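See below for the structure under consideration.
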Amino acid sequence: MMNSNWVLSDFDRDGRERRLKEYKKVVFVRNPMVRVLSAYLSKLKNFRDLQRHWEYAFGVDILRKYRPNSTHVVQEALSIPFSQRPFLNVTFAEFIQFITDRETNITLTDLTDHWLPQHIVSHVCEIGYDFIGKYENLAVEAPFVLEWLGLTSITTFPDIHESNAVFQMANEYLNVPVGHLQALLEYYSQDMEFFGYDAIDDFYENFNETLRLQMMSTIPR
């Protein structure tokens with residue numbers, strides 16, 4: 001059966017170089033502060049079927065390092081069958097600490113690509129992309145890309161729904177200490193610069209004043 005989901009690593013060196021030279025290359029990026037919250041909500045909070053798997057893949061280490069007096073809770077949870085283990089309920093602040101403390105010392109995998117900086121995930125410095133779109137402009141840019149690629153006769157882009165992360169930004173970020181926010185902004189600073197995002201102007205001025213002032217306090221004067 002023909003594989004319809006080829007990736008560059010499936011080809012030899014000559015095959016990779018030819019495709020990078022001859023093919024049109026497109027990538028879509030997302031505001032890093034929304035993207036990391038979306039990863040947290042979808043993997044560690046909103047969907048219980050996923051939550052247990054992700055918590056025991058990453059949450060055990062997170063609790064051991066960032067939640068005081070959690071050793072007994074973790075040991076007890078690990079001693080029982082997986083399907084019966086309790087939820088660890090990793091907080092967004094703990095998740096941010098885990099990401100920023102390890103910086104880029106995290107191997108790129110199908111799991112970690114949800115929060116690693118996008119310039120690392122997409123290899124934007126190594127691949128000469130012909131088009132870099134933004135998730136926030138998907139409704140306009142995705143149909144444009146399909147037309148540009150000559151694909152409109154065989155496919156259309158699915159309906160776009162507002163991200164749940166956008167609606168929950170104010171509530172979630174208000175519970176994150178300012179020091180963690182500073183570390184997160186630094187962690188994603190290259191993404192912000194490369195892809196033209198601004199932590200304040202692009203998003204936070206649209207949320208409540210408390211969050212906006214909290215975010216502004218993290219920006220060096």
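Simple scheme: letters A, B, ... for chains in structure tokens order, numbers from 1 for residues in each chain, numbers from 1 for ligands in the order shown.
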**OP:** Pick out each residue of region 64-208 of chain A that DSSP on the backbone tags as strand (DSSP E or B); I need them as an NGL selection string.
**Re:** :A and (131-134)
Subject >> Selection near region 85-94 of chain A, 9 Å with only C-alpha atoms, sequence-local residues under 4 positions removed, as JSON, numbers by chain >> reply: {"A": [37, 40, 41, 44, 45, 48, 51, 52, 55, 56, 59, 60, 62, 63, 66, 67, 73, 74, 76, 77, 78, 79, 80, 81, 98, 99, 172, 173, 175, 176, 177, 180, 181]}
Mind dumping the selected residues with C-alpha atoms as a short mmCIF file (atom, residue, chain, number, x, y, z; two decimals), in the first residue's frame?
data_model
loop_
_atom_site.label_atom_id
_atom_site.label_comp_id
_atom_site.auth_asym_id
_atom_site.auth_seq_id
_atom_site.Cartn_x
_atom_site.Cartn_y
_atom_site.Cartn_z
CA LEU A 37 -1.62 26.73 26.65
CA TYR A 40 -1.53 21.95 28.24
CA LEU A 41 -5.33 22.04 27.96
CA LEU A 44 -3.21 17.59 30.69
CA LYS A 45 -6.59 19.05 31.55
CA ARG A 48 -9.55 12.75 30.53
CA GLN A 51 -4.77 13.22 30.50
CA ARG A 52 -3.83 10.02 32.32
CA GLU A 55 0.43 12.70 33.16
CA TYR A 56 2.25 9.42 33.58
CA GLY A 59 3.49 14.50 35.03
CA VAL A 60 5.31 12.18 37.42
CA ILE A 62 6.80 17.36 37.03
CA LEU A 63 5.27 16.59 40.43
CA TYR A 66 7.87 21.13 41.33
CA ARG A 67 5.20 20.06 43.83
CA VAL A 73 1.38 10.50 46.22
CA VAL A 74 3.46 9.58 43.17
CA GLU A 76 1.31 5.23 45.66
CA ALA A 77 -0.11 6.05 42.23
CA LEU A 78 2.64 4.11 40.45
CA SER A 79 1.99 1.04 42.59
CA ILE A 80 -1.50 0.37 41.21
CA PRO A 81 -2.69 -0.72 37.73
CA PHE A 98 8.95 21.88 33.42
CA ILE A 99 9.29 23.35 29.92
CA GLU A 172 -5.06 30.26 33.08
CA TYR A 173 -2.35 32.91 32.83
CA ASN A 175 -2.69 31.87 37.98
CA VAL A 176 0.90 31.80 36.70
CA PRO A 177 3.55 33.64 38.77
CA HIS A 180 7.24 31.85 35.27
CA LEU A 181 5.80 34.21 32.64
#
Tell me, counting only C-alpha atoms, for each residue of region 16-78 of chain A within 12 Å of region 121-131 of chain A, which pair of atoms is nearest and how far apart they are in Å to one decimal, in rows ordered by chain and increasing number, as a tab-separated table.
residue	atom	partner	partner_atom	distance
A:Arg16	CA	A:Ile127	CA	11.1
A:Glu17	CA	A:Ile127	CA	10.4
A:Arg19	CA	A:Ile127	CA	10.9
A:Leu20	CA	A:Ile127	CA	7.3
A:Lys21	CA	A:Gly128	CA	8.9
A:Glu22	CA	A:Asp130	CA	11.1
A:Tyr23	CA	A:Asp130	CA	9.3
A:Lys24	CA	A:Asp130	CA	6.1
A:Lys25	CA	A:Tyr129	CA	4.9
A:Val26	CA	A:Phe131	CA	4.9
A:Val27	CA	A:Phe131	CA	6.6
A:Phe28	CA	A:Phe131	CA	8.3
A:Val29	CA	A:Ser122	CA	9.0
A:Arg30	CA	A:Ser122	CA	11.9
Please produce a file of those selected residues containing N, CA and C atoms, as a compact mmCIF listing (two decimals), in the first residue's frame.
# COMPACT_ATOMS: atom_id res chain seq x y z
N ARG A 16 16.01 13.70 -0.26
CA ARG A 16 15.69 14.85 0.59
C ARG A 16 16.11 16.15 -0.07
N GLU A 17 17.32 16.17 -0.61
CA GLU A 17 17.83 17.40 -1.22
C GLU A 17 17.01 17.79 -2.44
N ARG A 19 13.83 17.14 -3.03
CA ARG A 19 12.52 17.64 -2.61
C ARG A 19 12.62 19.03 -1.99
N LEU A 20 13.67 19.26 -1.21
CA LEU A 20 13.85 20.59 -0.63
C LEU A 20 14.11 21.64 -1.70
N LYS A 21 14.69 21.22 -2.80
CA LYS A 21 15.00 22.15 -3.88
C LYS A 21 13.82 22.36 -4.82
N GLU A 22 13.08 21.28 -5.12
CA GLU A 22 12.06 21.35 -6.16
C GLU A 22 10.64 21.55 -5.64
N TYR A 23 10.35 21.12 -4.42
CA TYR A 23 8.98 21.19 -3.91
C TYR A 23 8.70 22.55 -3.29
N LYS A 24 7.44 22.95 -3.33
CA LYS A 24 7.02 24.13 -2.58
C LYS A 24 6.91 23.75 -1.11
N LYS A 25 7.40 24.61 -0.26
CA LYS A 25 7.48 24.30 1.17
C LYS A 25 6.66 25.31 1.96
N VAL A 26 5.73 24.79 2.76
CA VAL A 26 4.78 25.62 3.50
C VAL A 26 4.79 25.21 4.97
N VAL A 27 4.74 26.19 5.85
CA VAL A 27 4.59 25.90 7.28
C VAL A 27 3.66 26.94 7.89
N PHE A 28 2.84 26.51 8.84
CA PHE A 28 1.98 27.41 9.59
C PHE A 28 2.44 27.44 11.04
N VAL A 29 2.53 28.64 11.59
CA VAL A 29 2.97 28.81 12.97
C VAL A 29 1.84 29.42 13.79
N ARG A 30 2.05 29.45 15.10
CA ARG A 30 1.00 29.93 16.01
C ARG A 30 1.62 30.77 17.11
Original post:
Counting only C-alpha atoms, what is within 9 Å of Phe157 (chain A), bar same-chain residues fewer than 2 positions away, as a PyMOL selection string?
Top reply: chain A and resi 139+142-143+146+152+155+159-160
**OP:** Could you tell me, as a ChimeraX atom specification, which residues of chain A DSSP assigns to helix (DSSP H, G or I) when given the backbone?
**Re:** /A:8-10,13-22,32-44,48-66,71-78,82-84,92-102,112-114,118-121,135-148,164-174,178-187,189-195,199-206,209-216
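Here CA of Asn31 (chain A) stands at a distance of 10.5 Å from CA of Val166 (chain A).
In terms of minimum interatomic distance to Phe195 (chain A), A:Tyr135 ranks closest within A:Tyr135, A:Trp115, A:Trp148, A:Phe167, counting only C-alpha atoms.
With only C-alpha atoms as the atoms that count, the minimum distance from Asn164 (chain A) to the choices A:Ser42, A:Gly15, A:Val36, A:Glu193 is reached by A:Ser42.
One finds CA of Trp6 (chain A) at 20.3 Å from CA of Gln118 (chain A).
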Each region 16-118 of chain A residue no farther than 9 Å from region 183-188 of chain A, nearest pair in Å, only C-alpha atoms, as JSON lines:
{"residue": "A:Pro32", "atom": "CA", "partner": "A:Tyr188", "partner_atom": "CA", "distance": 6.5}
{"residue": "A:Met33", "atom": "CA", "partner": "A:Leu185", "partner_atom": "CA", "distance": 7.9}
{"residue": "A:Ile96", "atom": "CA", "partner": "A:Leu184", "partner_atom": "CA", "distance": 6.9}
{"residue": "A:Gln97", "atom": "CA", "partner": "A:Ala183", "partner_atom": "CA", "distance": 8.3}
{"residue": "A:Ile99", "atom": "CA", "partner": "A:Leu184", "partner_atom": "CA", "distance": 8.2}
{"residue": "A:Thr100", "atom": "CA", "partner": "A:Leu184", "partner_atom": "CA", "distance": 6.2}
{"residue": "A:Asp101", "atom": "CA", "partner": "A:Ala183", "partner_atom": "CA", "distance": 8.5}
{"residue": "A:Glu103", "atom": "CA", "partner": "A:Tyr187", "partner_atom": "CA", "distance": 6.8}
{"residue": "A:Thr104", "atom": "CA", "partner": "A:Tyr187", "partner_atom": "CA", "distance": 8.6}
{"residue": "A:Leu116", "atom": "CA", "partner": "A:Tyr188", "partner_atom": "CA", "distance": 8.8}
{"residue": "A:Pro117", "atom": "CA", "partner": "A:Tyr188", "partner_atom": "CA", "distance": 6.1}
{"residue": "A:Gln118", "atom": "CA", "partner": "A:Tyr188", "partner_atom": "CA", "distance": 8.6}
